[in-house]
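Enquirer: Please read through the structure below; I'll follow up with questions.
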Amino acid sequence: MFGELVIAYLFLGGMGAGALAIGSLGTLLVPRDEVAVRRSTINGRATRTVLYVPAPYQKLFGPTLAASFIALAIGSIALSVDLGQTNRAELLFLLPQPTFMTLGAYSLALALALCAPLAAAWALPHLHLRYWVVRTLAVLAVADGVVVMLYTGLLLSDMQAIPLWNTPWLPPLFVASALSCGSALMLGTSVFTGAIGLFESSIRRLMKLDIVLLVVEAVLAACFIAASWKAPFAVAAVGSASLLHGELAPVFLAGFVGCGIGIPVLAEGYELAARGHYQVASLIASTAVFVGGIALRYSIVMAGIRPEVWI
């Protein structure tokens, strides 16, 4: 079950959910008077408040939410293909059972259903959707994004047969990583759309948030490793040892710790202190965070299923 497709889902699903939550929360923080306008109905007897998105906000939120939808969609396809048969994926909806897999399937489907209209609403200014409807969708998207991020960790931590994963530190670690990847996705898209030059103060806050998330992620990863040494089954310690000085050490230490934590913290920290070119820092940091997110999931998944003690 736990092959490359699941690793791809864990990364894409987490990143997509993180971008959905952060992007949707960002839309909720936009002042009402900047995006809400009153329009008369066709008969002219009443007025309604609709969303009208100025060009700068289109560049900031539209691409982020669209990229989130694409990541979630590809992640969903990877998860469905990994199930082996299409009807097995359908059974999750037709004959639902109270499992984390079912929770993930429903929350993922809801995330796609919420992300699509939100992306359209903020990318296309002439839709004129009701303002309260768009805000309601955004609130639901933030909540559901958190559920999807949690699920990517709960899916593994619920595996009682694999002690390395069976720890309460794994879900929050994946949530922190997903939020960081979501922030990186928003930073990256803002560079290509030019929004990064229009929202300098907001980009600075997003960089600060990403640094905090990366530090939290590093602390949670350390707690995850430490917990494996105290686990009741020695195989958990064997798995974590492979991350620190075994076959997976280059991926975990260089890919996750060095590239995924160290480089973006240094790049963003330098640009915040120097008030320099945010485009360069954002591209470097975003790329490094993506590499780190993939390395984290790959190394943890492989460390749980590869130790020879299982044979």
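Chain lettering (A, B, ...) mirrors the order of the structure tokens, residue numbering begins at 1 for each chain separately, and ligand numbering begins at 1 in order of display.
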In range 92-164 of chain A, what's helix (DSSP H, G or I) per DSSP? Answer as a PyMOL selection string?
Expert: chain A and resi 92-94+100-123+131-157
Enquirer: Write out as a list in words all residues of range 31-270 of chain A that DSSP puts in strand (DSSP E) for this structure's backbone.
Expert: Ala36, Val37, Arg38, Arg39, Ser40, Thr47, Arg48, Thr49, Val50 and Leu51 of chain A
Enquirer: Keeping only N, CA and C atoms, write the selected residues as a tab-separated table (two decimals), in the first residue's frame.
Expert:
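To be explicit, this is the file written out as out-v2.tsv:
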```
chain	number	residue	atom	x	y	z
A	36	ALA	N	-16.31	44.17	-1.54
A	36	ALA	CA	-17.77	44.00	-1.51
A	36	ALA	C	-18.45	45.24	-2.08
A	37	VAL	N	-19.33	45.02	-3.03
A	37	VAL	CA	-20.06	46.14	-3.64
A	37	VAL	C	-21.56	45.82	-3.64
A	38	ARG	N	-22.35	46.87	-3.62
A	38	ARG	CA	-23.80	46.72	-3.65
A	38	ARG	C	-24.29	46.81	-5.09
A	39	ARG	N	-25.11	45.87	-5.48
A	39	ARG	CA	-25.66	45.87	-6.84
A	39	ARG	C	-27.18	45.65	-6.77
A	40	SER	N	-27.88	46.30	-7.68
A	40	SER	CA	-29.34	46.15	-7.75
A	40	SER	C	-29.70	44.86	-8.47
A	47	THR	N	-31.37	45.30	-3.52
A	47	THR	CA	-29.93	45.28	-3.76
A	47	THR	C	-29.32	44.09	-3.03
A	48	ARG	N	-28.17	43.69	-3.51
A	48	ARG	CA	-27.45	42.60	-2.85
A	48	ARG	C	-25.97	42.92	-2.84
A	49	THR	N	-25.27	42.40	-1.86
A	49	THR	CA	-23.83	42.62	-1.75
A	49	THR	C	-23.11	41.47	-2.44
A	50	VAL	N	-22.29	41.81	-3.43
A	50	VAL	CA	-21.57	40.79	-4.18
A	50	VAL	C	-20.07	41.02	-4.06
A	51	LEU	N	-19.32	39.98	-4.42
A	51	LEU	CA	-17.86	40.06	-4.39
A	51	LEU	C	-17.35	40.60	-5.71
```
Enquirer: Quick one: distance from CA of Ser242 in chain A to CA of Gly14 in chain A in Å, one decimal?
Expert: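 Between CA of Ser242 in chain A and CA of Gly14 in chain A the gap is 24.2 Å.
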Enquirer: Do a neighbour search on Ser282 in chain A at 9 Å with only C-alpha atoms, toss out local chain neighbours closer than 6 positions, and write the hits as a PyMOL selection string.
Expert: chain A and resi 184+187-188+190-191+207+264+267-268
Enquirer: Can I get the selected residues back with N, CA, C and O atoms, as a PDB file, in the first residue's frame?
Expert:
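What landed in selection-v4.pdb:
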```pdb
ATOM      1  N   ALA A 184       4.617  28.225   1.185  1.00  0.00           N
ATOM      2  CA  ALA A 184       5.593  28.276   0.093  1.00  0.00           C
ATOM      3  C   ALA A 184       4.895  28.337  -1.264  1.00  0.00           C
ATOM      4  O   ALA A 184       5.347  29.033  -2.177  1.00  0.00           O
ATOM      5  N   LEU A 187       3.720  31.885  -1.690  1.00  0.00           N
ATOM      6  CA  LEU A 187       4.856  32.760  -1.979  1.00  0.00           C
ATOM      7  C   LEU A 187       5.324  32.569  -3.417  1.00  0.00           C
ATOM      8  O   LEU A 187       5.613  33.529  -4.137  1.00  0.00           O
ATOM      9  N   GLY A 188       5.392  31.302  -3.849  1.00  0.00           N
ATOM     10  CA  GLY A 188       5.858  31.020  -5.193  1.00  0.00           C
ATOM     11  C   GLY A 188       4.934  31.568  -6.265  1.00  0.00           C
ATOM     12  O   GLY A 188       5.390  32.191  -7.239  1.00  0.00           O
ATOM     13  N   SER A 190       2.877  34.018  -5.979  1.00  0.00           N
ATOM     14  CA  SER A 190       2.871  35.483  -5.941  1.00  0.00           C
ATOM     15  C   SER A 190       4.036  36.076  -6.718  1.00  0.00           C
ATOM     16  O   SER A 190       3.950  37.205  -7.216  1.00  0.00           O
ATOM     17  N   VAL A 191       5.130  35.326  -6.818  1.00  0.00           N
ATOM     18  CA  VAL A 191       6.266  35.794  -7.604  1.00  0.00           C
ATOM     19  C   VAL A 191       5.908  35.817  -9.082  1.00  0.00           C
ATOM     20  O   VAL A 191       6.152  36.801  -9.797  1.00  0.00           O
ATOM     21  N   MET A 207       6.242  35.431   5.200  1.00  0.00           N
ATOM     22  CA  MET A 207       7.583  34.893   5.412  1.00  0.00           C
ATOM     23  C   MET A 207       7.847  34.625   6.892  1.00  0.00           C
ATOM     24  O   MET A 207       8.429  33.601   7.253  1.00  0.00           O
ATOM     25  N   PRO A 264      15.387  27.514   3.648  1.00  0.00           N
ATOM     26  CA  PRO A 264      14.334  28.536   3.660  1.00  0.00           C
ATOM     27  C   PRO A 264      14.400  29.471   4.856  1.00  0.00           C
ATOM     28  O   PRO A 264      14.097  30.668   4.725  1.00  0.00           O
ATOM     29  N   ALA A 267      17.188  31.913   3.931  1.00  0.00           N
ATOM     30  CA  ALA A 267      16.810  32.784   2.815  1.00  0.00           C
ATOM     31  C   ALA A 267      15.779  33.816   3.239  1.00  0.00           C
ATOM     32  O   ALA A 267      15.929  35.016   2.964  1.00  0.00           O
ATOM     33  N   GLU A 268      14.738  33.358   3.916  1.00  0.00           N
ATOM     34  CA  GLU A 268      13.688  34.287   4.334  1.00  0.00           C
ATOM     35  C   GLU A 268      14.165  35.206   5.443  1.00  0.00           C
ATOM     36  O   GLU A 268      13.827  36.400   5.461  1.00  0.00           O
TER      37      GLU A 268
END
```
Enquirer: Would you mind listing what lies within 12 Å of Val301 in chain A as a compact mmCIF listing (two decimals) with C-alpha atoms, in the first residue's frame, with only C-alpha atoms counted and same-chain residues fewer than 4 positions away left out?
Expert:
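Everything below was put into around23.txt:
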```txt
# COMPACT_ATOMS: atom_id res chain seq x y z
CA MET A 1 0.00 0.00 0.00
CA PHE A 2 2.70 2.49 1.03
CA GLY A 3 4.58 3.17 -2.17
CA GLU A 4 5.45 6.18 -4.27
CA LEU A 5 1.79 7.02 -4.96
CA VAL A 6 0.94 7.30 -1.28
CA ILE A 7 4.03 9.44 -0.69
CA ALA A 8 2.90 11.65 -3.58
CA LEU A 10 0.82 12.73 1.43
CA PHE A 11 2.83 15.59 -0.07
CA THR A 152 -2.33 12.82 6.14
CA GLY A 153 -0.68 12.20 9.52
CA LEU A 155 -3.46 7.81 8.18
CA LEU A 156 0.02 6.68 9.23
CA SER A 157 -0.17 7.11 13.00
CA MET A 159 -1.15 1.93 11.82
CA ILE A 162 4.16 -0.03 12.47
CA PRO A 163 5.49 1.36 15.79
CA LEU A 164 7.55 4.14 14.19
CA TRP A 165 4.39 5.74 12.85
CA ASN A 166 2.24 4.95 15.87
CA LEU A 170 3.29 12.45 13.56
CA GLY A 239 13.47 2.96 11.92
CA SER A 240 14.51 6.30 13.39
CA SER A 242 17.92 4.74 9.63
CA LEU A 243 16.91 8.40 9.41
CA LEU A 248 17.76 7.15 4.67
CA VAL A 251 17.27 12.04 2.41
CA PHE A 252 16.24 12.99 5.94
CA ILE A 294 8.79 15.42 -0.10
CA ALA A 295 11.96 14.27 1.70
CA LEU A 296 10.18 14.25 5.08
CA ARG A 297 7.32 12.06 3.89
CA ILE A 305 8.40 -0.26 6.35
CA ARG A 306 12.05 -1.08 5.57
CA PRO A 307 13.70 -2.26 8.82
```
Enquirer: For the atom pair CA of Leu114 in chain A and CA of Thr102 in chain A, what is the interatomic distance in Å to one decimal place?
Expert: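 Computed distance, CA of Leu114 in chain A to CA of Thr102 in chain A, equals 18.3 Å.
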Enquirer: Under the rule that only C-alpha atoms are counted, which of A:Leu209, A:Leu179, A:Ala226, A:Leu20 is the nearest residue to Leu118 in chain A?
Expert: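 Closest to Leu118 in chain A of all the choices is A:Leu20.
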Enquirer: So that I can see what lies close to Ile211 in chain A, please list as a VMD selection string the residues with an atom at most 9 Å from it, counting only C-alpha atoms and leaving out residues fewer than 2 positions away in the same chain.
Expert: chain A and resid 180 206 to 209 213 to 216 261 264 to 265 268 to 269
Enquirer: Taking only C-alpha atoms into account, which of A:Leu220, A:Ala120, A:Ile77, A:Ala55 comes nearest Ala195 in chain A?
Expert: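 Ranked by minimum distance to Ala195 in chain A, first place goes to A:Ala55.
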Enquirer: So which residues touch Leu124 in chain A within 9 Å, counting only C-alpha atoms, skipping near sequence neighbours fewer than 3 positions away, as a PDB file with C-alpha atoms, in the first residue's frame?
Expert:
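What landed in out_0.pdb:
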```
ATOM      1  CA  TYR A  52     -15.899  42.181  -6.830  1.00  0.00           C
ATOM      2  CA  VAL A  53     -12.177  41.373  -6.759  1.00  0.00           C
ATOM      3  CA  GLN A  58      -6.894  38.437  -8.207  1.00  0.00           C
ATOM      4  CA  GLY A  62      -6.709  33.386  -7.512  1.00  0.00           C
ATOM      5  CA  ALA A 119     -10.568  29.936  -6.952  1.00  0.00           C
ATOM      6  CA  ALA A 120     -13.087  31.060  -9.568  1.00  0.00           C
ATOM      7  CA  ALA A 121     -14.534  33.760  -7.299  1.00  0.00           C
ATOM      8  CA  LEU A 127     -18.859  36.418 -11.422  1.00  0.00           C
ATOM      9  CA  HIS A 128     -20.586  38.672  -8.864  1.00  0.00           C
TER      10      HIS A 128
END
```
Enquirer: Quick one: pull the distance between CA of Cys181 in chain A and CA of Val289 in chain A, Å, one decimal.
Expert: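 Separating CA of Cys181 in chain A from CA of Val289 in chain A is a distance of 6.1 Å.
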